[in-house]
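Text of the file coords15.csv, holding CSV, C-alpha atoms:
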chain,number,residue,atom,x,y,z
H,1,MET,CA,-54.1,-56.1,88.7
H,2,LEU,CA,-54.2,-54.9,92.3
H,3,LEU,CA,-51.8,-52.2,91.5
H,4,THR,CA,-54.0,-51.1,88.6
H,5,PHE,CA,-57.0,-51.2,90.9
H,6,PHE,CA,-55.4,-49.1,93.6
H,7,GLY,CA,-53.9,-46.8,91.0
H,8,CYS,CA,-57.2,-46.1,89.5
H,9,SER,CA,-59.0,-45.8,92.8
H,10,ASN,CA,-56.6,-42.9,93.7
H,11,SER,CA,-58.1,-40.4,91.4
H,12,LYS,CA,-61.1,-40.9,89.1
H,13,ASN,CA,-60.0,-38.1,86.9
H,14,GLU,CA,-56.5,-39.5,86.5
H,15,CYS,CA,-58.0,-42.8,85.5
H,16,LYS,CA,-60.4,-41.3,83.1
H,17,ASN,CA,-57.6,-39.3,81.5
H,18,GLU,CA,-55.5,-42.4,81.2
H,19,GLN,CA,-58.4,-44.2,79.5
H,20,ILE,CA,-58.6,-41.3,77.0
H,21,ASN,CA,-54.9,-41.0,76.4
H,22,PRO,CA,-52.6,-43.8,77.6
H,23,ASN,CA,-49.6,-41.6,76.7
H,24,GLY,CA,-50.6,-38.9,79.2
H,25,GLU,CA,-52.2,-35.5,78.5
H,26,SER,CA,-50.6,-32.1,78.7
H,27,GLU,CA,-52.2,-29.4,80.8
H,28,LEU,CA,-53.4,-27.6,77.7
H,29,ALA,CA,-55.0,-30.8,76.2
H,30,LEU,CA,-56.9,-31.4,79.5
H,31,LEU,CA,-57.9,-27.8,79.6
H,32,MET,CA,-59.3,-27.9,76.1
H,33,ARG,CA,-61.3,-31.0,76.9
H,34,ASP,CA,-62.8,-29.0,79.9
H,35,ILE,CA,-63.4,-26.0,77.6
H,36,HIS,CA,-65.2,-28.3,75.2
H,37,GLN,CA,-67.4,-29.6,78.0
H,38,ASN,CA,-68.1,-26.1,79.2
H,39,THR,CA,-69.1,-25.0,75.7
H,40,LEU,CA,-71.3,-28.0,75.2
H,41,GLU,CA,-73.1,-27.2,78.5
H,42,ILE,CA,-73.5,-23.6,77.5
H,43,LYS,CA,-75.0,-24.7,74.1
H,44,ASN,CA,-77.4,-27.1,75.8
H,45,ASN,CA,-78.5,-24.6,78.5
H,46,LEU,CA,-78.8,-21.6,76.3
H,47,PHE,CA,-80.2,-22.9,73.1
H,48,LEU,CA,-81.5,-26.4,73.5
H,49,ASN,CA,-83.2,-26.1,76.8
H,50,ASP,CA,-86.9,-25.5,76.7
H,51,SER,CA,-87.1,-23.7,80.0
H,52,ILE,CA,-88.3,-20.1,80.0
H,53,ASP,CA,-85.2,-18.8,81.7
H,54,ASN,CA,-82.4,-20.2,79.6
H,55,ASP,CA,-79.6,-18.7,81.5
H,56,LEU,CA,-76.2,-20.1,82.6
H,57,SER,CA,-75.4,-21.0,86.2
H,58,SER,CA,-72.7,-18.8,87.9
H,59,ASN,CA,-70.7,-22.0,88.5
H,60,LEU,CA,-70.6,-22.8,84.8
H,61,ILE,CA,-69.6,-19.2,83.9
H,62,ASP,CA,-66.9,-19.1,86.6
H,63,GLU,CA,-65.4,-22.4,85.5
H,64,PHE,CA,-65.6,-21.4,81.9
H,65,LYS,CA,-63.9,-18.0,82.6
H,66,TYR,CA,-61.1,-19.7,84.6
H,67,ASN,CA,-60.5,-22.3,81.8
H,68,TYR,CA,-60.6,-20.0,78.7
H,69,GLN,CA,-58.2,-17.5,80.3
H,70,ALA,CA,-55.8,-20.3,81.0
H,71,ILE,CA,-55.2,-21.2,77.4
H,72,LYS,CA,-52.3,-18.8,77.3
H,73,THR,CA,-50.5,-20.2,80.3
H,74,ALA,CA,-51.2,-24.0,80.4
H,75,ASN,CA,-48.4,-26.2,79.5
H,76,PRO,CA,-48.9,-27.5,75.9
H,77,THR,CA,-48.1,-31.0,74.4
H,78,GLU,CA,-45.4,-29.4,72.3
H,79,SER,CA,-43.1,-27.1,74.3
H,80,ASN,CA,-42.5,-24.8,71.4
H,81,LEU,CA,-46.1,-24.1,70.7
H,82,ARG,CA,-45.9,-20.5,71.8
H,83,ALA,CA,-42.5,-19.8,70.4
H,84,ASP,CA,-43.4,-17.9,67.2
H,85,GLY,CA,-46.4,-16.0,68.7
H,86,ILE,CA,-48.9,-17.5,66.2
H,87,TYR,CA,-50.7,-19.5,68.8
H,88,ASN,CA,-51.0,-16.5,71.1
H,89,GLY,CA,-52.5,-14.5,68.3
H,90,TYR,CA,-55.2,-17.2,67.8
H,91,ALA,CA,-55.6,-17.4,71.6
H,92,ASP,CA,-56.3,-13.7,71.8
H,93,LEU,CA,-58.9,-13.9,69.0
H,94,TYR,CA,-60.6,-16.7,70.9
H,95,ILE,CA,-60.5,-14.9,74.2
H,96,ASN,CA,-62.0,-11.8,72.6
H,97,SER,CA,-64.8,-13.8,71.1
H,98,VAL,CA,-65.6,-15.4,74.4
H,99,ASP,CA,-65.6,-12.0,76.1
H,100,LYS,CA,-68.0,-10.8,73.4
H,101,PHE,CA,-70.2,-13.8,73.9
H,102,LEU,CA,-70.3,-13.4,77.7
H,103,ASN,CA,-71.4,-9.8,77.2
H,104,ASP,CA,-74.1,-10.8,74.7
H,105,LYS,CA,-75.1,-14.4,74.8
H,106,SER,CA,-76.5,-14.5,71.3
H,107,GLN,CA,-76.3,-17.5,69.0
H,108,LYS,CA,-74.2,-15.5,66.6
H,109,ASN,CA,-71.6,-14.7,69.2
H,110,TYR,CA,-71.7,-18.3,70.4
H,111,ASN,CA,-71.0,-19.7,66.9
H,112,SER,CA,-68.3,-17.1,66.4
H,113,MET,CA,-66.6,-18.4,69.5
H,114,VAL,CA,-66.7,-22.0,68.1
H,115,THR,CA,-65.3,-20.7,64.8
H,116,ASN,CA,-62.3,-19.2,66.6
H,117,CYS,CA,-61.6,-22.6,68.1
H,118,ILE,CA,-61.6,-24.2,64.7
H,119,GLN,CA,-59.4,-21.6,63.1
H,120,CYS,CA,-56.7,-22.2,65.7
H,121,HIS,CA,-57.1,-26.0,65.4
H,122,GLN,CA,-56.7,-25.7,61.6
H,123,GLN,CA,-53.3,-24.3,62.3
H,124,PHE,CA,-52.2,-26.6,65.1
H,125,CYS,CA,-54.3,-29.7,65.6
H,126,LEU,CA,-56.6,-30.9,62.9
H,127,GLY,CA,-57.7,-34.0,64.7
H,128,ALA,CA,-60.0,-32.3,67.1
H,129,ILE,CA,-61.9,-30.3,64.5
H,130,SER,CA,-64.7,-32.9,63.8
H,131,LYS,CA,-65.4,-32.9,67.5
H,132,ILE,CA,-65.4,-29.1,67.8
H,133,ASN,CA,-67.7,-28.8,64.7
H,134,LYS,CA,-70.4,-30.5,66.6
H,135,LEU,CA,-70.4,-27.6,69.1
H,136,TYR,CA,-72.0,-25.3,66.5
H,137,TYR,CA,-75.6,-24.3,67.2
H,138,LYS,CA,-77.6,-24.9,64.1
H,139,LYS,CA,-81.3,-24.1,64.0
Q,1,MET,CA,-49.8,-79.1,102.9
Q,2,LYS,CA,-46.6,-77.7,101.5
Q,3,ASN,CA,-47.3,-79.4,98.2
Q,4,ILE,CA,-50.8,-77.9,98.0
Q,5,PHE,CA,-49.4,-74.4,98.5
Q,6,TYR,CA,-46.7,-75.0,95.9
Q,7,THR,CA,-49.3,-76.3,93.4
Q,8,LEU,CA,-51.5,-73.2,94.1
Q,9,PHE,CA,-48.6,-70.9,93.7
Q,10,VAL,CA,-47.6,-72.5,90.3
Q,11,MET,CA,-51.2,-72.3,89.1
Q,12,ILE,CA,-51.5,-68.6,90.0
Q,13,PHE,CA,-48.2,-67.9,88.4
Q,14,VAL,CA,-49.1,-69.7,85.2
Q,15,ALA,CA,-52.5,-68.0,85.1
Q,16,CYS,CA,-50.9,-64.6,85.5
Q,17,SER,CA,-48.0,-65.2,83.0
Q,18,THR,CA,-50.3,-66.6,80.3
Q,19,GLU,CA,-52.8,-63.7,80.7
Q,20,SER,CA,-53.2,-62.0,77.4
Q,21,PRO,CA,-51.7,-58.4,77.4
Q,22,THR,CA,-54.7,-57.3,75.3
Q,23,LYS,CA,-55.8,-53.8,75.9
Q,24,LYS,CA,-59.0,-52.0,74.8
Q,25,PHE,CA,-59.3,-48.4,73.8
Q,26,GLY,CA,-62.5,-46.4,73.2
Q,27,ASP,CA,-65.5,-48.8,73.4
Q,28,GLN,CA,-64.7,-51.1,76.2
Q,29,ASN,CA,-67.3,-53.6,75.0
Q,30,ILE,CA,-65.5,-54.3,71.7
Q,31,THR,CA,-64.8,-58.0,71.1
Q,32,GLU,CA,-62.9,-59.9,68.4
Q,33,GLU,CA,-66.1,-61.6,67.3
Q,34,GLY,CA,-66.8,-61.1,63.6
Q,35,LYS,CA,-63.4,-59.6,62.8
Q,36,VAL,CA,-62.2,-59.8,59.2
Q,37,THR,CA,-58.7,-59.7,57.7
Q,38,GLY,CA,-57.3,-56.7,55.9
Q,39,GLN,CA,-57.6,-58.6,52.6
Q,40,ASP,CA,-61.3,-59.2,53.3
Q,41,LEU,CA,-61.9,-55.5,53.9
Q,42,LEU,CA,-60.2,-54.6,50.6
Q,43,THR,CA,-62.5,-57.0,48.8
Q,44,GLN,CA,-65.5,-55.5,50.5
Q,45,LEU,CA,-64.4,-52.0,49.7
Q,46,SER,CA,-64.0,-53.0,46.0
Q,47,GLU,CA,-67.7,-53.7,46.0
Q,48,ASN,CA,-69.0,-51.0,48.4
Q,49,ASP,CA,-68.3,-47.3,49.0
Q,50,SER,CA,-68.0,-47.8,52.7
Q,51,VAL,CA,-68.1,-50.7,55.1
Q,52,GLN,CA,-68.9,-51.0,58.8
Q,53,VAL,CA,-66.3,-53.4,59.9
Q,54,LYS,CA,-64.1,-54.9,62.6
Q,55,VAL,CA,-60.8,-55.5,61.0
Q,56,GLU,CA,-57.6,-57.2,62.3
Q,57,ALA,CA,-54.4,-55.7,61.1
Q,58,VAL,CA,-50.8,-54.9,62.1
Q,59,ILE,CA,-50.1,-51.3,63.2
Q,60,ASN,CA,-47.3,-49.8,61.1
Q,61,SER,CA,-47.1,-46.3,62.6
Q,62,ILE,CA,-48.7,-44.1,65.2
Q,63,CYS,CA,-48.9,-40.4,65.8
Q,64,GLN,CA,-45.8,-39.6,67.9
Q,65,LYS,CA,-47.3,-36.4,69.4
Q,66,LYS,CA,-50.3,-37.9,71.2
Q,67,GLY,CA,-51.3,-41.3,69.7
Q,68,CYS,CA,-54.3,-39.7,68.0
Q,69,TRP,CA,-54.1,-41.7,64.7
Q,70,MET,CA,-52.4,-44.8,63.4
Q,71,TYR,CA,-51.8,-46.6,60.1
Q,72,VAL,CA,-52.5,-50.3,59.8
Q,73,ASP,CA,-51.5,-52.7,57.1
Q,74,LEU,CA,-54.4,-54.1,55.2
Q,75,ASP,CA,-52.0,-56.2,53.0
Q,76,GLU,CA,-48.4,-56.0,52.1
Q,77,GLU,CA,-48.9,-52.9,49.9
Q,78,THR,CA,-51.9,-51.2,51.3
Q,79,GLU,CA,-52.4,-49.3,54.5
Q,80,MET,CA,-55.4,-47.6,56.1
Q,81,LEU,CA,-55.4,-44.5,58.2
Q,82,VAL,CA,-57.3,-44.9,61.5
Q,83,ARG,CA,-58.5,-42.0,63.5
Q,84,PHE,CA,-60.7,-42.1,66.6
Q,85,LYS,CA,-64.3,-41.0,67.0
Q,86,ASP,CA,-64.6,-37.5,68.4
Q,87,TYR,CA,-61.0,-37.4,69.4
Q,88,GLY,CA,-62.3,-39.3,72.3
Q,89,PHE,CA,-59.5,-41.8,72.9
Q,90,PHE,CA,-56.0,-42.4,71.7
Q,91,VAL,CA,-53.6,-45.4,71.5
Q,92,PRO,CA,-50.2,-46.0,73.0
Q,93,MET,CA,-47.5,-44.3,70.9
Q,94,ASP,CA,-45.2,-47.4,71.3
Q,95,ALA,CA,-47.7,-49.9,69.9
Q,96,SER,CA,-46.3,-50.0,66.3
Q,97,GLY,CA,-45.8,-53.6,65.2
Q,98,SER,CA,-48.6,-54.8,67.4
Q,99,THR,CA,-51.8,-56.5,66.0
Q,100,ALA,CA,-54.9,-54.4,66.4
Q,101,ILE,CA,-58.6,-55.0,65.8
Q,102,VAL,CA,-60.3,-51.7,64.9
Q,103,GLU,CA,-64.0,-51.2,64.6
Q,104,GLY,CA,-65.7,-48.4,62.6
Q,105,MET,CA,-66.7,-47.3,59.1
Q,106,ALA,CA,-64.0,-47.9,56.5
Q,107,LYS,CA,-64.0,-46.2,53.2
Q,108,VAL,CA,-61.8,-44.7,50.4
Q,109,ASP,CA,-61.2,-41.1,51.3
Q,110,THR,CA,-59.3,-38.1,49.9
Q,111,LEU,CA,-56.9,-36.6,52.4
Q,112,SER,CA,-56.2,-32.9,52.0
Q,113,ILE,CA,-52.7,-31.5,51.7
Q,114,ALA,CA,-53.1,-29.9,55.1
Q,115,TRP,CA,-54.0,-33.2,56.7
Q,116,LEU,CA,-51.2,-35.1,54.9
Q,117,LYS,CA,-48.7,-32.5,56.2
Q,118,HIS,CA,-50.2,-32.6,59.7
Q,119,LEU,CA,-49.8,-36.4,59.7
Q,120,LYS,CA,-46.1,-36.1,58.7
Q,121,GLU,CA,-45.5,-33.5,61.4
Q,122,ASP,CA,-47.1,-35.8,64.0
Q,123,ALA,CA,-44.9,-38.6,62.8
Q,124,ASN,CA,-41.8,-36.4,63.3
Q,125,ALA,CA,-41.0,-36.6,59.6
Q,126,PRO,CA,-38.1,-34.4,58.2
Q,127,GLN,CA,-39.2,-31.0,56.9
Q,128,GLU,CA,-38.2,-32.0,53.3
Q,129,GLU,CA,-40.8,-34.8,53.4
Q,130,ILE,CA,-43.5,-32.4,54.7
Q,131,ASP,CA,-42.7,-29.8,52.0
Q,132,ALA,CA,-42.8,-32.5,49.3
Q,133,ILE,CA,-46.5,-32.9,49.8
Q,134,THR,CA,-48.2,-30.9,47.1
Q,135,GLU,CA,-51.3,-33.0,46.2
Q,136,PRO,CA,-54.2,-34.6,48.1
Q,137,GLN,CA,-54.0,-38.3,48.4
Q,138,ILE,CA,-56.6,-41.0,48.0
Q,139,MET,CA,-56.3,-43.7,50.6
Q,140,TYR,CA,-58.2,-46.2,52.7
Q,141,SER,CA,-59.5,-44.5,55.9
Q,142,MET,CA,-61.4,-45.2,59.1
Q,143,ALA,CA,-62.1,-41.6,60.3
Q,144,GLU,CA,-64.1,-42.4,63.3
Q,145,ALA,CA,-63.1,-45.8,64.8
Q,146,THR,CA,-65.2,-46.5,67.9
Q,147,GLY,CA,-63.0,-49.1,69.5
Q,148,VAL,CA,-59.6,-50.7,69.3
Q,149,ILE,CA,-58.1,-53.9,70.7
Q,150,ILE,CA,-54.4,-54.0,70.7
Q,151,LYS,CA,-52.6,-57.3,71.5
File written out as structure tokens:
Amino acid sequence: MLLTFFGCSNSKNECKNEQINPNGESELALLMRDIHQNTLEIKNNLFLNDSIDNDLSSNLIDEFKYNYQAIKTANPTESNLRADGIYNGYADLYINSVDKFLNDKSQKNYNSMVTNCIQCHQQFCLGAISKINKLYYKK
Amino acid sequence: MKNIFYTLFVMIFVACSTESPTKKFGDQNITEEGKVTGQDLLTQLSENDSVQVKVEAVINSICQKKGCWMYVDLDEETEMLVRFKDYGFFVPMDASGSTAIVEGMAKVDTLSIAWLKHLKEDANAPQEEIDAITEPQIMYSMAEATGVIIK
């Protein structure tokens, strides 16, 4: 019990991740959880916030940019994920859609970014799709 | 004095060694109170389209990629696929054979070919088994379990 206590008090993030997945998470899985969180914050700030100036903080944009660009380099759960180039194709489509969104933060571009996430997950990881679906902005 | 220390040591040792290895996943407030058996759930699902339930059942297999789904035995012939709400928590990949109490909405569901193949891939099934899936399957399912106790 003491070991668990001290283990958990070492790093809150480590402990939180252990609570989510007792088997350990890959870099890419953790990254995608962060990207999901970034995207949710973007949706809330841009479209669901009543403030007059619905813009995104530079911190959020910077973190999001860092995260989404890393989807091509972070270590995946399955080491052969990038072997046949299919994943990278989907990753490029996603990155392009994010670039487009960051240039023009419209609802259409936002939803297109979410669609690209889902298309990739339909190929590689169906389990997360119900969670990603909730990111769509619906009027 | 020596005897008192000895007695205390034995009491602590016994307390620690008899502590249940029960672990909770997802909702940390989940309890066993109100749990039903797999057979009870099958009876309820024969009378209702879906049932909000806390069911106790033995885990027969778990996703071997991440621990993101598991099959539990409702009776000797019937299993139920359990997935976890919002992909928000997973279970240990080595927990097959353990007893679990899972809470969520159970129903009869139709699993698509894509899902069935994905489940086989996650279970490290041979390619022939994956290729043999050509039809959707009707099965008992809890698609968004909110909490799991494994003991």
Could you please select, counting all atoms listed in the file, the residues of chain Q within 12 Å of chain H and state them as JSON, numbers by chain? {"Q": [16, 19, 21, 23, 24, 25, 26, 27, 28, 62, 63, 64, 65, 66, 67, 68, 69, 82, 83, 84, 85, 86, 87, 88, 89, 90, 91, 92, 93, 94, 95, 111, 112, 113, 114, 115, 116, 117, 118, 119, 121, 122, 124, 143, 144, 147]}
Set the distance at 12 Å and use only C-alpha atoms: which residues neighbour Thr115 in chain H once local chain neighbours fewer than 2 positions away are removed? I'd like the list as a list in words. Tyr90, Leu93, Tyr94, Ser97, Val98, Lys108, Asn109, Tyr110, Asn111, Ser112, Met113, Cys117, Ile118, Gln119, Cys120, His121, Gln122, Ile129, Ile132, Asn133, Lys134, Leu135, Tyr136 and Tyr137 of chain H
Write out as an MDAnalysis selection string each polymer residue whose atoms come within 10 Å of Asp109 in chain Q, counting only C-alpha atoms; drop sequence neighbours fewer than 6 positions from it. chainID Q and resid 49:50 80:81 137:143
Would you save the residues of that selection, restricted to C-alpha atoms, as a PDB file, keeping the file's coordinate frame?
ATOM      1  CA  ASP Q  49     -68.300 -47.300  49.000  1.00  0.00           C
ATOM      2  CA  SER Q  50     -68.000 -47.800  52.700  1.00  0.00           C
ATOM      3  CA  MET Q  80     -55.400 -47.600  56.100  1.00  0.00           C
ATOM      4  CA  LEU Q  81     -55.400 -44.500  58.200  1.00  0.00           C
ATOM      5  CA  GLN Q 137     -54.000 -38.300  48.400  1.00  0.00           C
ATOM      6  CA  ILE Q 138     -56.600 -41.000  48.000  1.00  0.00           C
ATOM      7  CA  MET Q 139     -56.300 -43.700  50.600  1.00  0.00           C
ATOM      8  CA  TYR Q 140     -58.200 -46.200  52.700  1.00  0.00           C
ATOM      9  CA  SER Q 141     -59.500 -44.500  55.900  1.00  0.00           C
ATOM     10  CA  MET Q 142     -61.400 -45.200  59.100  1.00  0.00           C
ATOM     11  CA  ALA Q 143     -62.100 -41.600  60.300  1.00  0.00           C
TER      12      ALA Q 143
END
For CA of Lys72 in chain H and CA of Asp84 in chain H, determine how far apart the two atoms are, in Å to one decimal place.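 Rounded to one decimal, the two atoms are 13.5 Å apart.
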Which residues come within 12 Å of Leu102 in chain H, counting all atoms listed in the file, excluding same-chain residues fewer than 3 positions away, as a PyMOL selection string? chain H and resi 39+42+46+55-56+58+60-62+64-65+68+95-99+105-110+113
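Each of Q:Ala125, Q:Val36, Q:Ile30, Q:Ile130 was compared to Ala145 in chain Q using all atoms listed in the file, and Q:Ile30 turns out to be the nearest.
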Can you tell me which residues surround Asp131 in chain Q at a distance of at most 10 Å, considering all atoms listed in the file, apart from same-chain residues fewer than 3 positions away, and format the answer as an NGL selection string? :Q and (117 or 120 or 126-128 or 134)
